[in-house]
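Asks: This is the content of coords_11.cif (mmCIF, C-alpha atoms):
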```cif
data_structure
loop_
_atom_site.label_atom_id
_atom_site.label_comp_id
_atom_site.auth_asym_id
_atom_site.auth_seq_id
_atom_site.Cartn_x
_atom_site.Cartn_y
_atom_site.Cartn_z
CA MET N 1 20.08 16.37 -22.32
CA ASP N 2 20.78 14.78 -18.96
CA ARG N 3 19.26 11.35 -18.43
CA VAL N 4 18.81 9.89 -14.98
CA PRO N 5 20.61 6.53 -14.70
CA VAL N 6 18.57 3.51 -13.63
CA LEU N 7 20.64 1.03 -11.59
CA GLN N 8 19.73 -2.56 -10.84
CA ILE N 9 20.36 -4.40 -7.56
CA GLY N 10 18.99 -7.92 -7.74
CA ARG N 11 15.38 -7.45 -8.80
CA ILE N 12 15.14 -3.91 -7.49
CA LEU N 13 15.72 -0.85 -9.66
CA LEU N 14 17.36 2.16 -8.08
CA VAL N 15 16.96 5.68 -9.39
CA SER N 16 18.99 8.34 -7.64
CA ILE N 17 18.10 11.84 -8.72
CA GLN N 18 21.31 13.86 -8.47
CA PHE N 19 20.61 17.09 -10.31
CA ASP N 20 17.93 19.72 -10.71
CA LEU N 21 15.53 17.99 -13.08
CA GLU N 22 14.32 19.75 -16.16
CA ASP N 23 10.76 18.84 -17.15
CA GLU N 24 11.89 16.93 -20.25
CA SER N 25 14.28 14.74 -18.21
CA VAL N 26 11.40 13.84 -15.91
CA LEU N 27 9.35 12.52 -18.83
CA ASN N 28 12.35 10.57 -20.17
CA LEU N 29 12.81 8.97 -16.76
CA GLN N 30 9.22 7.70 -16.76
CA GLU N 31 9.77 5.94 -20.08
CA ASP N 32 13.24 4.62 -19.24
CA LEU N 33 11.99 3.20 -15.97
CA ALA N 34 8.92 1.52 -17.51
CA ASP N 35 11.16 -0.14 -20.12
CA ARG N 36 13.64 -1.30 -17.49
CA ILE N 37 10.92 -2.77 -15.25
CA VAL N 38 9.71 -4.91 -18.14
CA SER N 39 13.16 -5.93 -19.44
CA SER N 40 14.54 -6.74 -15.99
CA GLY N 41 11.44 -8.22 -14.38
CA ALA N 42 12.04 -6.02 -11.36
CA HIS N 43 9.57 -6.27 -8.51
CA GLY N 44 10.56 -3.02 -6.83
CA VAL N 45 11.69 0.52 -7.60
CA VAL N 46 13.49 2.84 -5.18
CA ILE N 47 13.60 6.52 -6.07
CA ASP N 48 16.23 8.34 -4.02
CA ILE N 49 15.55 12.07 -3.73
CA THR N 50 18.19 12.80 -1.06
CA ALA N 51 19.86 15.34 -3.36
CA VAL N 52 16.62 16.96 -4.50
CA GLU N 53 16.23 20.46 -3.10
CA ILE N 54 12.66 21.11 -4.16
CA VAL N 55 9.69 19.03 -5.26
CA ASP N 56 7.11 21.14 -7.05
CA SER N 57 3.77 19.95 -8.42
CA PHE N 58 5.40 18.74 -11.65
CA ILE N 59 7.98 16.55 -9.92
CA GLY N 60 5.41 15.47 -7.34
CA ARG N 61 3.11 14.32 -10.08
CA MET N 62 6.03 12.55 -11.75
CA LEU N 63 6.65 10.54 -8.56
CA ALA N 64 2.97 9.59 -8.31
CA THR N 65 2.85 8.67 -12.01
CA ILE N 66 5.97 6.51 -11.77
CA ALA N 67 4.46 4.70 -8.80
CA SER N 68 1.25 4.04 -10.78
CA ILE N 69 3.08 2.89 -13.92
CA SER N 70 5.32 0.59 -11.87
CA ARG N 71 2.30 -0.90 -10.11
CA MET N 72 0.72 -1.66 -13.49
CA LEU N 73 3.91 -3.49 -14.43
CA GLY N 74 4.00 -5.49 -11.20
CA ALA N 75 6.60 -3.46 -9.29
CA GLU N 76 6.23 -1.50 -6.09
CA THR N 77 7.78 1.96 -5.69
CA VAL N 78 9.28 3.53 -2.58
CA VAL N 79 10.51 7.14 -2.54
CA VAL N 80 13.39 7.60 -0.08
CA GLY N 81 15.45 10.45 1.33
CA MET N 82 12.97 13.31 1.28
CA ARG N 83 14.40 16.37 3.05
CA PRO N 84 12.36 17.80 5.94
CA ALA N 85 12.01 21.19 4.20
CA VAL N 86 10.72 19.44 1.08
CA ALA N 87 8.11 17.52 3.09
CA ILE N 88 6.90 20.72 4.78
CA THR N 89 6.70 22.54 1.45
CA LEU N 90 4.89 19.71 -0.34
CA VAL N 91 2.14 19.58 2.26
CA GLU N 92 1.68 23.36 2.13
CA LEU N 93 1.65 23.24 -1.65
CA GLY N 94 -1.27 20.82 -1.39
CA LEU N 95 0.46 17.64 -2.55
CA SER N 96 0.50 14.86 -0.01
CA LEU N 97 1.66 12.16 -2.47
CA GLY N 98 -1.05 9.87 -1.05
CA GLY N 99 -0.42 7.00 -3.47
CA VAL N 100 3.35 6.94 -3.03
CA ARG N 101 5.15 4.88 -0.38
CA THR N 102 8.01 6.67 1.32
CA ALA N 103 10.85 5.67 3.63
CA LEU N 104 13.46 7.77 5.40
CA ASP N 105 16.49 6.30 3.68
CA LEU N 106 17.66 3.79 1.08
CA GLU N 107 18.13 1.00 3.61
CA LYS N 108 14.59 1.29 4.98
CA GLY N 109 13.22 1.54 1.44
CA MET N 110 14.98 -1.65 0.36
CA ARG N 111 13.68 -3.45 3.44
CA ILE N 112 10.11 -2.40 2.66
CA LEU N 113 10.41 -3.81 -0.86
CA GLN N 114 12.01 -7.05 0.31
CA GLY N 115 9.45 -7.42 3.06
CA SER N 116 6.47 -6.96 0.77
CA ARG N 117 7.94 -9.34 -1.78
CA ALA N 118 8.60 -11.96 0.88
CA GLY N 119 4.97 -11.56 1.87
CA ARG N 120 3.79 -12.08 -1.69
CA GLU N 121 6.04 -14.94 -2.74
CA GLY N 122 6.93 -16.69 0.47
CA ARG N 123 10.42 -16.70 1.99
CA SER N 124 12.06 -18.84 -0.72
CA GLY N 125 12.47 -16.08 -3.25
CA ASP N 126 15.30 -15.46 -5.67
CA ALA N 127 18.43 -16.14 -3.63
CA ALA N 128 20.80 -14.21 -5.89
CA ALA N 129 18.65 -11.11 -5.71
CA ASP N 130 18.46 -11.31 -1.93
CA ALA N 131 22.22 -11.74 -1.69
CA ALA N 132 22.78 -8.73 -3.93
CA ALA N 133 20.40 -6.63 -1.88
CA ASP N 134 22.00 -7.83 1.36
CA ARG N 135 25.36 -6.56 0.18
CA ILE N 136 23.83 -3.11 -0.16
CA LEU N 137 22.21 -3.34 3.24
CA SER N 138 25.38 -4.31 5.10
CA PRO N 139 27.50 -1.23 5.62
CA GLY N 140 31.27 -1.55 5.48
CA ARG N 141 31.30 -4.48 3.09
CA ASP N 142 32.31 -4.38 -0.55
CA THR N 143 29.62 -1.92 -1.61
CA ASP N 144 29.77 1.69 -0.61
CA LEU N 145 26.96 3.91 -1.81
CA ARG N 146 28.12 7.19 -0.30
CA MET P 1 25.40 48.29 -1.96
CA THR P 2 24.64 44.90 -0.48
CA ALA P 3 24.20 41.93 -2.73
CA GLY P 4 20.72 41.50 -4.14
CA GLU P 5 19.47 45.07 -3.79
CA GLU P 6 19.88 45.53 -7.48
CA GLU P 7 17.13 44.02 -9.55
CA GLN P 8 18.03 41.09 -11.78
CA GLN P 9 16.03 39.93 -14.75
CA LEU P 10 15.80 36.55 -16.42
CA PRO P 11 13.86 35.59 -19.54
CA ILE P 12 11.48 32.64 -19.14
CA ALA P 13 11.39 31.09 -22.59
CA SER P 14 12.33 27.43 -22.12
CA ASN P 15 12.46 24.58 -19.60
CA ASP P 16 16.10 25.49 -18.98
CA ASP P 17 15.00 28.94 -17.90
CA VAL P 18 12.68 27.43 -15.27
CA VAL P 19 15.71 25.65 -13.80
CA ARG P 20 17.73 28.90 -14.01
CA ALA P 21 14.96 30.82 -12.25
CA ARG P 22 15.00 28.30 -9.38
CA ARG P 23 18.80 28.59 -9.04
CA LEU P 24 18.83 32.38 -9.13
CA VAL P 25 16.14 32.66 -6.45
CA ARG P 26 17.83 29.99 -4.34
CA SER P 27 21.14 31.87 -4.28
CA LEU P 28 19.41 35.18 -3.56
CA ALA P 29 17.38 33.61 -0.75
CA GLN P 30 20.57 32.25 0.78
CA GLU P 31 22.29 35.64 0.55
CA CYS P 32 19.32 37.38 2.14
CA GLY P 33 19.31 34.93 5.02
CA LEU P 34 16.01 33.10 4.56
CA SER P 35 15.79 29.90 6.62
CA LEU P 36 16.19 26.61 4.77
CA VAL P 37 12.46 25.87 4.97
CA ASP P 38 11.58 29.37 3.70
CA GLN P 39 14.15 29.06 0.90
CA THR P 40 12.55 25.78 -0.12
CA LYS P 41 9.04 27.25 -0.03
CA LEU P 42 10.03 30.28 -2.10
CA VAL P 43 11.98 28.29 -4.68
CA THR P 44 9.06 25.86 -5.02
CA ALA P 45 6.64 28.77 -5.55
CA VAL P 46 9.03 30.25 -8.12
CA SER P 47 9.20 26.92 -9.93
CA GLU P 48 5.39 26.79 -10.19
CA LEU P 49 5.13 30.40 -11.36
CA ALA P 50 7.99 30.14 -13.88
CA ARG P 51 6.34 27.09 -15.41
CA ASN P 52 2.99 28.94 -15.55
CA THR P 53 4.70 31.84 -17.34
CA LEU P 54 6.17 29.40 -19.85
CA VAL P 55 3.17 27.11 -20.38
CA HIS P 56 0.17 29.43 -19.99
CA GLY P 57 1.76 32.81 -20.76
CA GLY P 58 3.76 31.61 -23.75
CA GLY P 59 6.97 32.79 -22.08
CA GLY P 60 7.89 36.03 -20.36
CA SER P 61 10.32 37.19 -17.74
CA MET P 62 11.18 37.04 -14.06
CA ARG P 63 12.59 39.97 -12.07
CA VAL P 64 14.07 39.36 -8.64
CA CYS P 65 15.30 41.64 -5.88
CA CYS P 66 15.87 41.74 -2.13
CA PRO P 67 13.53 44.50 -0.88
CA GLN P 68 13.83 46.12 2.54
CA GLU P 69 10.65 47.38 4.14
CA ARG P 70 9.96 48.45 7.71
CA GLY P 71 13.28 47.10 8.88
CA ARG P 72 12.83 43.65 7.41
CA ARG P 73 14.51 42.01 4.49
CA GLY P 74 13.07 39.63 1.95
CA VAL P 75 13.20 38.20 -1.52
CA ARG P 76 10.71 39.19 -4.20
CA ALA P 77 10.12 37.63 -7.61
CA VAL P 78 7.88 39.15 -10.27
CA PHE P 79 6.70 37.08 -13.22
CA GLU P 80 5.34 38.82 -16.28
CA ASP P 81 3.99 37.52 -19.55
CA SER P 82 1.95 38.98 -22.37
CA GLY P 83 -0.10 35.83 -22.86
CA PRO P 84 -3.89 35.49 -22.93
CA GLY P 85 -4.34 36.55 -19.29
CA MET P 86 -7.20 35.32 -17.13
CA ALA P 87 -10.81 36.43 -16.95
CA ASP P 88 -11.39 35.08 -13.47
CA PRO P 89 -8.29 35.26 -11.23
CA GLU P 90 -10.17 33.90 -8.21
CA GLN P 91 -11.08 30.77 -10.15
CA ALA P 92 -7.46 30.38 -11.28
CA LEU P 93 -6.39 30.40 -7.63
CA THR P 94 -8.71 27.52 -6.78
CA ASP P 95 -6.88 24.24 -6.23
CA GLY P 96 -7.57 21.77 -8.99
CA TRP P 97 -8.63 24.36 -11.54
CA THR P 98 -6.49 24.10 -14.65
CA THR P 99 -6.62 24.87 -18.36
CA GLY P 100 -3.70 22.60 -19.15
CA ASP P 101 -3.01 19.06 -18.04
CA GLY P 102 -1.40 20.05 -14.75
CA LEU P 103 -2.69 19.49 -11.25
CA GLY P 104 -3.99 23.03 -10.90
CA LEU P 105 -1.91 23.60 -7.77
CA GLY P 106 0.51 26.15 -9.20
CA LEU P 107 -1.09 29.51 -8.41
CA GLY P 108 -2.94 28.53 -5.24
CA GLY P 109 0.12 26.64 -4.01
CA ALA P 110 2.43 29.58 -4.73
CA ARG P 111 0.07 31.87 -2.81
CA ARG P 112 0.19 29.56 0.23
CA LEU P 113 3.98 29.23 0.07
CA ALA P 114 4.69 32.98 -0.15
CA ASP P 115 4.25 35.63 2.56
CA HIS P 116 2.88 38.10 0.06
CA PHE P 117 1.17 37.24 -3.22
CA GLU P 118 -0.24 39.50 -5.87
CA LEU P 119 -1.94 38.53 -9.13
CA GLU P 120 -2.69 41.13 -11.79
CA THR P 121 -4.31 39.90 -14.97
CA ALA P 122 -7.03 40.61 -17.49
CA PRO P 123 -8.09 38.81 -20.66
CA GLY P 124 -5.82 39.82 -23.51
CA SER P 125 -3.39 41.85 -21.41
CA GLY P 126 -1.11 39.24 -19.92
CA THR P 127 -0.41 38.27 -16.34
CA ARG P 128 1.83 39.57 -13.60
CA VAL P 129 2.39 37.57 -10.42
CA THR P 130 4.46 38.88 -7.51
CA VAL P 131 5.62 36.71 -4.60
CA THR P 132 7.61 37.86 -1.58
CA LYS P 133 9.11 35.92 1.32
CA TRP P 134 10.38 37.86 4.36
CA VAL P 135 13.25 36.88 6.62
CA ARG P 136 11.78 35.91 9.97
#
```
I need this file expressed as structure tokens, please.

Replies:
Amino acid sequence: MDRVPVLQIGRILLVSIQFDLEDESVLNLQEDLADRIVSSGAHGVVIDITAVEIVDSFIGRMLATIASISRMLGAETVVVGMRPAVAITLVELGLSLGGVRTALDLEKGMRILQGSRAGREGRSGDAAADAAADRILSPGRDTDLR
Amino acid sequence: MTAGEEEQQLPIASNDDVVRARRLVRSLAQECGLSLVDQTKLVTAVSELARNTLVHGGGGSMRVCCPQERGRRGVRAVFEDSGPGMADPEQALTDGWTTGDGLGLGLGGARRLADHFELETAPGSGTRVTVTKWVR
């Protein structure tokens, strides 16, 4: 069965959903992510759904559940890259994902997480993590996500 | 004969089949010329209904076709199971009402997302749900 990879950038975990998720893979992802948050001490989780063509009530609930689990484990979740058609459909379906933070793209999502962490811990956070995240945020440097 | 006028059938017996149902309806909706938003709405409704067929109906089937009526074209999906059926269809369409551990948005949500929605069910005689989305 396909498992969704969980990547780590500094103290932020990145999950990019790249294929049509089967229900079982969704449940595996919840467990994998919870384990990784604890083992890595991550303070943030970004879930990239740029490639996701539909979000039904099952996947919507998965996103809300992941956000709740992460919060329990001290990490904040931001869902990024939702397609306009998916947003329209979700609202009509009756799911507004009230408890889930969203951002338009990966860059804005990372900034939200860094901003809220800076607010919590003061500006003198983990320098290595910030440097790693900065590499991601500066286009044209040694990291290319596309 | 244009693509999609023939009826296609797919068994709904596993999680994989739910994914297959989504893909089949997506490709049909593209062929029939539904807008991207309408494709997304229909495929989302199909995903909810296919999962209902699997979880509540104990499995069943989906039939899809591209009907033409009064000069308009659309995509129709019919879900059938021979599960326990429902005694009170109106209640089942209420948001938040569920017998399983879901959100209870499946049926009501599918009705909102489709242009035409039909639910035929009775206790002990299974369930048939039909959704249609027309090209605008």

Asks: What are the centre and the three edge lengths of an axis-aligned box that wraps all atoms of range 67-83 of chain P in the file, given that 6 Å is added to every side, written as JSON and rounded to one decimal in Å?

Replies:
```
{"center_x": 7.2, "center_y": 42.1, "center_z": -7.0, "size_x": 26.6, "size_y": 24.6, "size_z": 43.7}
```

Asks: Please determine the contact residues of chain N with respect to chain P at a cut-off of 10 Å, counting only C-alpha atoms, and supply them as a list of chain:residue names.

Replies: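 Listed by rising number, the hits are N:Asp20, N:Leu21, N:Glu22, N:Asp23, N:Glu24, N:Glu53, N:Ile54, N:Val55, N:Asp56, N:Ser57, N:Phe58, N:Gly60, N:Arg61, N:Arg83, N:Pro84, N:Ala85, N:Val86, N:Ala87, N:Ile88, N:Thr89, N:Leu90, N:Val91, N:Glu92, N:Leu93, N:Gly94, N:Leu95.
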
Asks: Go ahead and write the selection's residues with C-alpha atoms as a PDB file, in the coordinates of the input.

Replies:
```
ATOM      1  CA  ASP N  20      17.930  19.720 -10.710  1.00  0.00           C
ATOM      2  CA  LEU N  21      15.530  17.990 -13.080  1.00  0.00           C
ATOM      3  CA  GLU N  22      14.320  19.750 -16.160  1.00  0.00           C
ATOM      4  CA  ASP N  23      10.760  18.840 -17.150  1.00  0.00           C
ATOM      5  CA  GLU N  24      11.890  16.930 -20.250  1.00  0.00           C
ATOM      6  CA  GLU N  53      16.230  20.460  -3.100  1.00  0.00           C
ATOM      7  CA  ILE N  54      12.660  21.110  -4.160  1.00  0.00           C
ATOM      8  CA  VAL N  55       9.690  19.030  -5.260  1.00  0.00           C
ATOM      9  CA  ASP N  56       7.110  21.140  -7.050  1.00  0.00           C
ATOM     10  CA  SER N  57       3.770  19.950  -8.420  1.00  0.00           C
ATOM     11  CA  PHE N  58       5.400  18.740 -11.650  1.00  0.00           C
ATOM     12  CA  GLY N  60       5.410  15.470  -7.340  1.00  0.00           C
ATOM     13  CA  ARG N  61       3.110  14.320 -10.080  1.00  0.00           C
ATOM     14  CA  ARG N  83      14.400  16.370   3.050  1.00  0.00           C
ATOM     15  CA  PRO N  84      12.360  17.800   5.940  1.00  0.00           C
ATOM     16  CA  ALA N  85      12.010  21.190   4.200  1.00  0.00           C
ATOM     17  CA  VAL N  86      10.720  19.440   1.080  1.00  0.00           C
ATOM     18  CA  ALA N  87       8.110  17.520   3.090  1.00  0.00           C
ATOM     19  CA  ILE N  88       6.900  20.720   4.780  1.00  0.00           C
ATOM     20  CA  THR N  89       6.700  22.540   1.450  1.00  0.00           C
ATOM     21  CA  LEU N  90       4.890  19.710  -0.340  1.00  0.00           C
ATOM     22  CA  VAL N  91       2.140  19.580   2.260  1.00  0.00           C
ATOM     23  CA  GLU N  92       1.680  23.360   2.130  1.00  0.00           C
ATOM     24  CA  LEU N  93       1.650  23.240  -1.650  1.00  0.00           C
ATOM     25  CA  GLY N  94      -1.270  20.820  -1.390  1.00  0.00           C
ATOM     26  CA  LEU N  95       0.460  17.640  -2.550  1.00  0.00           C
TER      27      LEU N  95
END
```

Asks: Here's a test: counting only C-alpha atoms, identify every protein, DNA and RNA residue with an atom at most 12 Å from (-3.4, 35.3, -13.3) in the file's coordinate frame, and state them as a PDB file with C-alpha atoms, in the coordinates of the input.

Replies:
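out_19.pdb was written with the following content:
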```
ATOM      1  CA  LEU P  49       5.130  30.400 -11.360  1.00  0.00           C
ATOM      2  CA  ASN P  52       2.990  28.940 -15.550  1.00  0.00           C
ATOM      3  CA  THR P  53       4.700  31.840 -17.340  1.00  0.00           C
ATOM      4  CA  HIS P  56       0.170  29.430 -19.990  1.00  0.00           C
ATOM      5  CA  GLY P  57       1.760  32.810 -20.760  1.00  0.00           C
ATOM      6  CA  PHE P  79       6.700  37.080 -13.220  1.00  0.00           C
ATOM      7  CA  GLU P  80       5.340  38.820 -16.280  1.00  0.00           C
ATOM      8  CA  ASP P  81       3.990  37.520 -19.550  1.00  0.00           C
ATOM      9  CA  SER P  82       1.950  38.980 -22.370  1.00  0.00           C
ATOM     10  CA  GLY P  83      -0.100  35.830 -22.860  1.00  0.00           C
ATOM     11  CA  PRO P  84      -3.890  35.490 -22.930  1.00  0.00           C
ATOM     12  CA  GLY P  85      -4.340  36.550 -19.290  1.00  0.00           C
ATOM     13  CA  MET P  86      -7.200  35.320 -17.130  1.00  0.00           C
ATOM     14  CA  ALA P  87     -10.810  36.430 -16.950  1.00  0.00           C
ATOM     15  CA  ASP P  88     -11.390  35.080 -13.470  1.00  0.00           C
ATOM     16  CA  PRO P  89      -8.290  35.260 -11.230  1.00  0.00           C
ATOM     17  CA  GLU P  90     -10.170  33.900  -8.210  1.00  0.00           C
ATOM     18  CA  GLN P  91     -11.080  30.770 -10.150  1.00  0.00           C
ATOM     19  CA  ALA P  92      -7.460  30.380 -11.280  1.00  0.00           C
ATOM     20  CA  LEU P  93      -6.390  30.400  -7.630  1.00  0.00           C
ATOM     21  CA  THR P  94      -8.710  27.520  -6.780  1.00  0.00           C
ATOM     22  CA  THR P  98      -6.490  24.100 -14.650  1.00  0.00           C
ATOM     23  CA  GLY P 106       0.510  26.150  -9.200  1.00  0.00           C
ATOM     24  CA  LEU P 107      -1.090  29.510  -8.410  1.00  0.00           C
ATOM     25  CA  GLY P 108      -2.940  28.530  -5.240  1.00  0.00           C
ATOM     26  CA  ALA P 110       2.430  29.580  -4.730  1.00  0.00           C
ATOM     27  CA  ARG P 111       0.070  31.870  -2.810  1.00  0.00           C
ATOM     28  CA  PHE P 117       1.170  37.240  -3.220  1.00  0.00           C
ATOM     29  CA  GLU P 118      -0.240  39.500  -5.870  1.00  0.00           C
ATOM     30  CA  LEU P 119      -1.940  38.530  -9.130  1.00  0.00           C
ATOM     31  CA  GLU P 120      -2.690  41.130 -11.790  1.00  0.00           C
ATOM     32  CA  THR P 121      -4.310  39.900 -14.970  1.00  0.00           C
ATOM     33  CA  ALA P 122      -7.030  40.610 -17.490  1.00  0.00           C
ATOM     34  CA  PRO P 123      -8.090  38.810 -20.660  1.00  0.00           C
ATOM     35  CA  GLY P 124      -5.820  39.820 -23.510  1.00  0.00           C
ATOM     36  CA  SER P 125      -3.390  41.850 -21.410  1.00  0.00           C
ATOM     37  CA  GLY P 126      -1.110  39.240 -19.920  1.00  0.00           C
ATOM     38  CA  THR P 127      -0.410  38.270 -16.340  1.00  0.00           C
ATOM     39  CA  ARG P 128       1.830  39.570 -13.600  1.00  0.00           C
ATOM     40  CA  VAL P 129       2.390  37.570 -10.420  1.00  0.00           C
ATOM     41  CA  THR P 130       4.460  38.880  -7.510  1.00  0.00           C
TER      42      THR P 130
END
```

Asks: In Å, with one decimal, what is the gap from CA of Leu27 in chain N to CA of Ile69 in chain N?

Replies: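 Interatomic distance here is 12.5 Å.
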
Asks: Please identify all polymer residues within 7 Å of Ala77 in chain P, counting all atoms listed in the file, omitting same-chain residues fewer than 3 positions from it, and present them as a list in words.

Replies: Met62, Arg63, Val64, Cys65, Thr130, Val131 and Thr132 of chain P

Asks: Could you please take those selected residues and save C-alpha atoms as a PDB file, in the frame of the given file?

Replies:
```pdb
ATOM      1  CA  MET P  62      11.180  37.040 -14.060  1.00  0.00           C
ATOM      2  CA  ARG P  63      12.590  39.970 -12.070  1.00  0.00           C
ATOM      3  CA  VAL P  64      14.070  39.360  -8.640  1.00  0.00           C
ATOM      4  CA  CYS P  65      15.300  41.640  -5.880  1.00  0.00           C
ATOM      5  CA  THR P 130       4.460  38.880  -7.510  1.00  0.00           C
ATOM      6  CA  VAL P 131       5.620  36.710  -4.600  1.00  0.00           C
ATOM      7  CA  THR P 132       7.610  37.860  -1.580  1.00  0.00           C
TER       8      THR P 132
END
```

Asks: Record the distance separating CA of Gly99 in chain N and CA of Leu63 in chain N, expressed in Å with one decimal.

Replies: 9.4 Å

Asks: Using all atoms listed in the file for the distances, tell me which of N:Val100, N:Val4, N:Met82, N:Met110 is nearest to Val52 in chain N.

Replies: N:Met82

Asks: Any idea what the distance is between CA of Leu28 in chain P and CA of Arg70 in chain P?

Replies: 19.8 Å

Asks: To verify the selection step, state as an mmCIF file with C-alpha atoms, in the coordinates of the input which residues the PyMOL selection byres ((chain N and resi 49) around 10) yields on this input.

Replies:
```cif
data_model
loop_
_atom_site.group_PDB
_atom_site.id
_atom_site.type_symbol
_atom_site.label_atom_id
_atom_site.label_comp_id
_atom_site.auth_asym_id
_atom_site.auth_seq_id
_atom_site.Cartn_x
_atom_site.Cartn_y
_atom_site.Cartn_z
ATOM 1 C CA VAL N 15 16.960 5.680 -9.390
ATOM 2 C CA SER N 16 18.990 8.340 -7.640
ATOM 3 C CA ILE N 17 18.100 11.840 -8.720
ATOM 4 C CA GLN N 18 21.310 13.860 -8.470
ATOM 5 C CA PHE N 19 20.610 17.090 -10.310
ATOM 6 C CA VAL N 46 13.490 2.840 -5.180
ATOM 7 C CA ILE N 47 13.600 6.520 -6.070
ATOM 8 C CA ASP N 48 16.230 8.340 -4.020
ATOM 9 C CA THR N 50 18.190 12.800 -1.060
ATOM 10 C CA ALA N 51 19.860 15.340 -3.360
ATOM 11 C CA VAL N 52 16.620 16.960 -4.500
ATOM 12 C CA GLU N 53 16.230 20.460 -3.100
ATOM 13 C CA ILE N 54 12.660 21.110 -4.160
ATOM 14 C CA VAL N 55 9.690 19.030 -5.260
ATOM 15 C CA VAL N 79 10.510 7.140 -2.540
ATOM 16 C CA VAL N 80 13.390 7.600 -0.080
ATOM 17 C CA GLY N 81 15.450 10.450 1.330
ATOM 18 C CA MET N 82 12.970 13.310 1.280
ATOM 19 C CA ARG N 83 14.400 16.370 3.050
ATOM 20 C CA ASP N 105 16.490 6.300 3.680
ATOM 21 C CA LEU N 106 17.660 3.790 1.080
#
```

Asks: Neighbouring residues of Gly74 in chain P were defined as those with any atom within 10 Å, considering all atoms listed in the file; residues of the same chain fewer than 6 positions away were excluded. Please report them as a PyMOL selection string.

Replies: chain P and resi 4+28-29+32-34+65-68+115+132-136
